[in-house]
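J.: Okay, so here is final29.pdb, and as you'll see once you scroll down, it has PDB, C-alpha atoms.
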ATOM      1  CA  MET B 147     139.832  89.106  99.489
ATOM      2  CA  LEU B 148     141.454  92.408 100.416
ATOM      3  CA  SER B 149     139.284  95.495 100.247
ATOM      4  CA  GLU B 150     141.573  97.113  97.671
ATOM      5  CA  ASP B 151     141.138  94.055  95.407
ATOM      6  CA  LYS B 152     137.403  94.505  94.906
ATOM      7  CA  LEU B 153     136.296  93.882  91.344
ATOM      8  CA  GLN B 154     134.513  96.731  89.568
ATOM      9  CA  ILE B 155     133.129  96.325  86.050
ATOM     10  CA  ASP B 156     132.247  99.293  83.880
ATOM     11  CA  PRO B 157     128.533  98.660  83.161
ATOM     12  CA  THR B 158     128.439 100.740  79.961
ATOM     13  CA  GLU B 159     131.509  99.117  78.448
ATOM     14  CA  PHE B 160     130.354  95.623  79.430
ATOM     15  CA  ALA B 161     126.820  96.131  78.049
ATOM     16  CA  MET B 162     128.175  97.536  74.785
ATOM     17  CA  THR B 163     130.491  94.529  74.420
ATOM     18  CA  ILE B 164     127.555  92.175  74.890
ATOM     19  CA  ILE B 165     125.316  93.830  72.299
ATOM     20  CA  ARG B 166     128.140  94.240  69.774
ATOM     21  CA  ASN B 167     128.459  90.451  69.690
ATOM     22  CA  LYS B 168     124.753  89.814  69.042
ATOM     23  CA  GLN B 169     123.986  89.074  65.403
ATOM     24  CA  LYS B 170     120.642  89.834  63.756
ATOM     25  CA  GLU B 171     118.733  86.718  62.798
ATOM     26  CA  PRO B 172     117.627  86.677  59.130
ATOM     27  CA  LYS B 173     113.919  86.406  60.014
ATOM     28  CA  THR B 174     114.081  89.208  62.607
ATOM     29  CA  THR B 175     112.817  92.628  61.569
ATOM     30  CA  ASN B 176     114.922  95.695  62.272
ATOM     31  CA  THR B 177     112.430  96.845  64.902
ATOM     32  CA  GLN B 178     112.513  93.471  66.660
ATOM     33  CA  PHE B 179     116.312  93.454  66.570
ATOM     34  CA  ILE B 180     116.539  96.969  68.005
ATOM     35  CA  LYS B 181     114.124  96.049  70.811
ATOM     36  CA  GLN B 182     116.161  92.917  71.547
ATOM     37  CA  GLN B 183     119.386  94.940  71.593
ATOM     38  CA  LEU B 184     117.881  97.560  73.905
ATOM     39  CA  THR B 185     116.540  94.896  76.257
ATOM     40  CA  LEU B 186     119.877  93.107  76.258
ATOM     41  CA  TYR B 187     121.766  96.357  76.892
ATOM     42  CA  LEU B 188     119.529  97.405  79.787
ATOM     43  CA  GLU B 189     119.519  93.965  81.417
ATOM     44  CA  THR B 190     123.289  93.770  81.165
ATOM     45  CA  TYR B 191     123.859  97.331  82.351
ATOM     46  CA  TYR B 192     121.679  96.983  85.443
ATOM     47  CA  LEU B 193     122.951  93.496  86.254
ATOM     48  CA  ILE B 194     126.522  94.826  86.305
ATOM     49  CA  LYS B 195     125.476  97.865  88.378
ATOM     50  CA  ASP B 196     123.866  95.449  90.857
ATOM     51  CA  PHE B 197     127.011  93.333  90.856
ATOM     52  CA  ASN B 198     129.211  96.367  91.527
ATOM     53  CA  HIS B 199     126.961  97.459  94.373
ATOM     54  CA  LEU B 200     127.078  93.963  95.812
ATOM     55  CA  GLU B 201     130.858  93.939  95.443
ATOM     56  CA  ILE B 202     131.191  97.185  97.346
ATOM     57  CA  SER B 203     128.773  96.395 100.140
ATOM     58  CA  GLN B 204     128.743  92.647 100.675
ATOM     59  CA  MET B 205     131.458  90.677  98.885
ATOM     60  CA  ASP B 206     133.601  90.412 102.006
ATOM     61  CA  GLN B 207     130.689  88.856 103.866
ATOM     62  CA  MET B 208     129.608  86.398 101.186
ATOM     63  CA  LYS B 209     130.546  82.767 101.396
ATOM     64  CA  GLN B 210     132.331  81.156  98.469
ATOM     65  CA  LYS B 211     129.150  79.273  97.516
ATOM     66  CA  GLN B 212     127.175  82.513  97.202
ATOM     67  CA  ILE B 213     129.885  84.037  95.003
ATOM     68  CA  SER B 214     129.766  80.952  92.782
ATOM     69  CA  GLU B 215     125.980  81.162  92.482
ATOM     70  CA  LEU B 216     126.207  84.850  91.528
ATOM     71  CA  PHE B 217     128.656  84.133  88.720
ATOM     72  CA  ASP B 218     126.520  81.185  87.544
ATOM     73  CA  LYS B 219     123.576  83.572  87.193
ATOM     74  CA  ILE B 220     125.694  86.069  85.304
ATOM     75  CA  LEU B 221     126.987  83.405  82.915
ATOM     76  CA  SER B 222     123.640  81.680  82.397
ATOM     77  CA  GLY B 223     121.172  82.448  79.631
ATOM     78  CA  ARG B 224     120.202  85.677  81.431
ATOM     79  CA  PHE B 225     121.585  87.692  78.540
ATOM     80  CA  GLN B 226     119.378  86.050  75.921
ATOM     81  CA  PRO B 227     116.229  88.114  75.266
TER      82      PRO B 227
END
Any chance you could put this one into structure tokens?
T.:
Amino acid sequence: MLSEDKLQIDPTEFAMTIIRNKQKEPKTTNTQFIKQQLTLYLETYYLIKDFNHLEISQMDQMKQKQISELFDKILSGRFQP
């Protein structure tokens, strides 16, 4: 991977996209839903900030297996409160 090809994700835009797609369950109170949305937003935001930092500082040194494991964690149920 060339240094100019490093992937950077906007953490605010990504987190907002994630919470926009979360639907309120019928049995969930508004307060519970807001807390879930806030938790989801913050987890997503900081996960992407960590990813970007990792991309800048270590991606060139990571082995393909480590990159795969990172994306598996991102795509797993991590985003479900």
J.: To test your reading of the syntax: which residues would the PyMOL selection byres ((chain B and resi 189) around 12) return for the file shown? Reply as a PyMOL selection string.
T.: chain B and resi 157-158+160-162+164-165+182-188+190-196+220+223-227
J.: So how many Å separate CA of Glu201 in chain B and CA of Glu215 in chain B, to one decimal?
T.: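 Straight-line distance from CA of Glu201 in chain B to CA of Glu215 in chain B works out to 14.0 Å.
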J.: Specify the axis-aligned box that encloses all atoms of range 150-165 of chain B listed in the file after padding of 8 Å on each side, stating its centre and edge lengths in Å to one decimal as lines of an AutoDock Vina configuration file.
T.:
center_x = 133.4
center_y = 96.5
center_z = 85.0
size_x = 32.3
size_y = 24.6
size_z = 41.4
J.: If you measure from CA of His199 in chain B to CA of Asp218 in chain B, what distance in Å do you get, rounded to one decimal?
T.: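 Between CA of His199 in chain B and CA of Asp218 in chain B the gap is 17.7 Å.
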J.: What does the PyMOL selection byres ((chain B and resi 153) around 8) select in this file, as a ChimeraX atom specification?
T.: /B:151-152,154-155,198,201
J.: For CA of Asp156 in chain B and CA of Ile202 in chain B, quote the distance in Å rounded to one decimal.
T.: 13.7 Å
J.: Taking all atoms listed in the file into account, which of B:Lys173, B:Phe179, B:Thr163, B:Phe217 comes nearest Phe197 in chain B?
T.: B:Phe217
J.: Let me make sure I understand: among B:Gln178, B:Leu200, B:Glu159, B:Gln169, which one has the smallest atom-to-atom distance to Gln212 in chain B if we use only C-alpha atoms?
T.: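 Nearest candidate to Gln212 in chain B out of B:Gln178, B:Leu200, B:Glu159, B:Gln169: B:Leu200.
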J.: Grab range 177-206 of chain B from that structure and dump N, CA and C atoms to a file, as a PDB file, in the first residue's frame.
T.:
ATOM      1  N   THR B 177     -36.230   7.581  26.137  1.00  0.00           N
ATOM      2  CA  THR B 177     -34.986   7.734  26.892  1.00  0.00           C
ATOM      3  C   THR B 177     -34.024   6.586  26.602  1.00  0.00           C
ATOM      4  N   GLN B 178     -34.530   5.364  26.595  1.00  0.00           N
ATOM      5  CA  GLN B 178     -33.686   4.210  26.281  1.00  0.00           C
ATOM      6  C   GLN B 178     -33.119   4.322  24.866  1.00  0.00           C
ATOM      7  N   PHE B 179     -33.958   4.724  23.931  1.00  0.00           N
ATOM      8  CA  PHE B 179     -33.528   4.856  22.539  1.00  0.00           C
ATOM      9  C   PHE B 179     -32.442   5.921  22.400  1.00  0.00           C
ATOM     10  N   ILE B 180     -32.626   7.045  23.065  1.00  0.00           N
ATOM     11  CA  ILE B 180     -31.632   8.120  23.003  1.00  0.00           C
ATOM     12  C   ILE B 180     -30.306   7.648  23.598  1.00  0.00           C
ATOM     13  N   LYS B 181     -30.359   6.937  24.717  1.00  0.00           N
ATOM     14  CA  LYS B 181     -29.136   6.414  25.329  1.00  0.00           C
ATOM     15  C   LYS B 181     -28.448   5.410  24.397  1.00  0.00           C
ATOM     16  N   GLN B 182     -29.250   4.570  23.745  1.00  0.00           N
ATOM     17  CA  GLN B 182     -28.687   3.605  22.797  1.00  0.00           C
ATOM     18  C   GLN B 182     -28.026   4.328  21.618  1.00  0.00           C
ATOM     19  N   GLN B 183     -28.698   5.353  21.115  1.00  0.00           N
ATOM     20  CA  GLN B 183     -28.164   6.123  19.989  1.00  0.00           C
ATOM     21  C   GLN B 183     -26.863   6.820  20.380  1.00  0.00           C
ATOM     22  N   LEU B 184     -26.836   7.412  21.570  1.00  0.00           N
ATOM     23  CA  LEU B 184     -25.631   8.094  22.032  1.00  0.00           C
ATOM     24  C   LEU B 184     -24.476   7.104  22.191  1.00  0.00           C
ATOM     25  N   THR B 185     -24.764   5.967  22.804  1.00  0.00           N
ATOM     26  CA  THR B 185     -23.742   4.936  22.972  1.00  0.00           C
ATOM     27  C   THR B 185     -23.219   4.472  21.621  1.00  0.00           C
ATOM     28  N   LEU B 186     -24.129   4.211  20.708  1.00  0.00           N
ATOM     29  CA  LEU B 186     -23.758   3.762  19.373  1.00  0.00           C
ATOM     30  C   LEU B 186     -22.915   4.809  18.655  1.00  0.00           C
ATOM     31  N   TYR B 187     -23.328   6.075  18.759  1.00  0.00           N
ATOM     32  CA  TYR B 187     -22.580   7.165  18.122  1.00  0.00           C
ATOM     33  C   TYR B 187     -21.159   7.243  18.677  1.00  0.00           C
ATOM     34  N   LEU B 188     -21.044   7.254  20.010  1.00  0.00           N
ATOM     35  CA  LEU B 188     -19.725   7.395  20.627  1.00  0.00           C
ATOM     36  C   LEU B 188     -18.821   6.204  20.338  1.00  0.00           C
ATOM     37  N   GLU B 189     -19.362   4.995  20.406  1.00  0.00           N
ATOM     38  CA  GLU B 189     -18.566   3.810  20.091  1.00  0.00           C
ATOM     39  C   GLU B 189     -18.069   3.861  18.654  1.00  0.00           C
ATOM     40  N   THR B 190     -18.956   4.224  17.746  1.00  0.00           N
ATOM     41  CA  THR B 190     -18.594   4.300  16.339  1.00  0.00           C
ATOM     42  C   THR B 190     -17.561   5.393  16.098  1.00  0.00           C
ATOM     43  N   TYR B 191     -17.812   6.567  16.647  1.00  0.00           N
ATOM     44  CA  TYR B 191     -16.915   7.704  16.463  1.00  0.00           C
ATOM     45  C   TYR B 191     -15.494   7.363  16.926  1.00  0.00           C
ATOM     46  N   TYR B 192     -15.380   6.834  18.140  1.00  0.00           N
ATOM     47  CA  TYR B 192     -14.045   6.555  18.672  1.00  0.00           C
ATOM     48  C   TYR B 192     -13.396   5.341  18.016  1.00  0.00           C
ATOM     49  N   LEU B 193     -14.171   4.388  17.572  1.00  0.00           N
ATOM     50  CA  LEU B 193     -13.618   3.258  16.832  1.00  0.00           C
ATOM     51  C   LEU B 193     -13.002   3.733  15.523  1.00  0.00           C
ATOM     52  N   ILE B 194     -13.682   4.631  14.819  1.00  0.00           N
ATOM     53  CA  ILE B 194     -13.159   5.159  13.562  1.00  0.00           C
ATOM     54  C   ILE B 194     -11.943   6.043  13.822  1.00  0.00           C
ATOM     55  N   LYS B 195     -11.971   6.841  14.884  1.00  0.00           N
ATOM     56  CA  LYS B 195     -10.778   7.651  15.218  1.00  0.00           C
ATOM     57  C   LYS B 195      -9.590   6.740  15.494  1.00  0.00           C
ATOM     58  N   ASP B 196      -9.821   5.637  16.218  1.00  0.00           N
ATOM     59  CA  ASP B 196      -8.749   4.670  16.472  1.00  0.00           C
ATOM     60  C   ASP B 196      -8.252   4.059  15.168  1.00  0.00           C
ATOM     61  N   PHE B 197      -9.188   3.711  14.297  1.00  0.00           N
ATOM     62  CA  PHE B 197      -8.822   3.145  13.002  1.00  0.00           C
ATOM     63  C   PHE B 197      -7.958   4.125  12.212  1.00  0.00           C
ATOM     64  N   ASN B 198      -8.378   5.382  12.152  1.00  0.00           N
ATOM     65  CA  ASN B 198      -7.615   6.385  11.408  1.00  0.00           C
ATOM     66  C   ASN B 198      -6.212   6.551  11.984  1.00  0.00           C
ATOM     67  N   HIS B 199      -6.119   6.552  13.298  1.00  0.00           N
ATOM     68  CA  HIS B 199      -4.804   6.664  13.933  1.00  0.00           C
ATOM     69  C   HIS B 199      -3.941   5.457  13.567  1.00  0.00           C
ATOM     70  N   LEU B 200      -4.536   4.296  13.618  1.00  0.00           N
ATOM     71  CA  LEU B 200      -3.833   3.072  13.253  1.00  0.00           C
ATOM     72  C   LEU B 200      -3.389   3.134  11.799  1.00  0.00           C
ATOM     73  N   GLU B 201      -4.262   3.616  10.943  1.00  0.00           N
ATOM     74  CA  GLU B 201      -3.954   3.747   9.518  1.00  0.00           C
ATOM     75  C   GLU B 201      -2.739   4.637   9.312  1.00  0.00           C
ATOM     76  N   ILE B 202      -2.718   5.751  10.005  1.00  0.00           N
ATOM     77  CA  ILE B 202      -1.622   6.702   9.848  1.00  0.00           C
ATOM     78  C   ILE B 202      -0.312   6.120  10.376  1.00  0.00           C
ATOM     79  N   SER B 203      -0.361   5.500  11.532  1.00  0.00           N
ATOM     80  CA  SER B 203       0.879   5.124  12.200  1.00  0.00           C
ATOM     81  C   SER B 203       1.382   3.707  11.924  1.00  0.00           C
ATOM     82  N   GLN B 204       0.467   2.781  11.608  1.00  0.00           N
ATOM     83  CA  GLN B 204       0.914   1.388  11.582  1.00  0.00           C
ATOM     84  C   GLN B 204       0.491   0.555  10.387  1.00  0.00           C
ATOM     85  N   MET B 205      -0.390   1.032   9.537  1.00  0.00           N
ATOM     86  CA  MET B 205      -0.939   0.184   8.488  1.00  0.00           C
ATOM     87  C   MET B 205       0.142  -0.401   7.589  1.00  0.00           C
ATOM     88  N   ASP B 206       1.179   0.355   7.313  1.00  0.00           N
ATOM     89  CA  ASP B 206       2.254  -0.148   6.463  1.00  0.00           C
ATOM     90  C   ASP B 206       2.991  -1.316   7.096  1.00  0.00           C
TER      91      ASP B 206
END
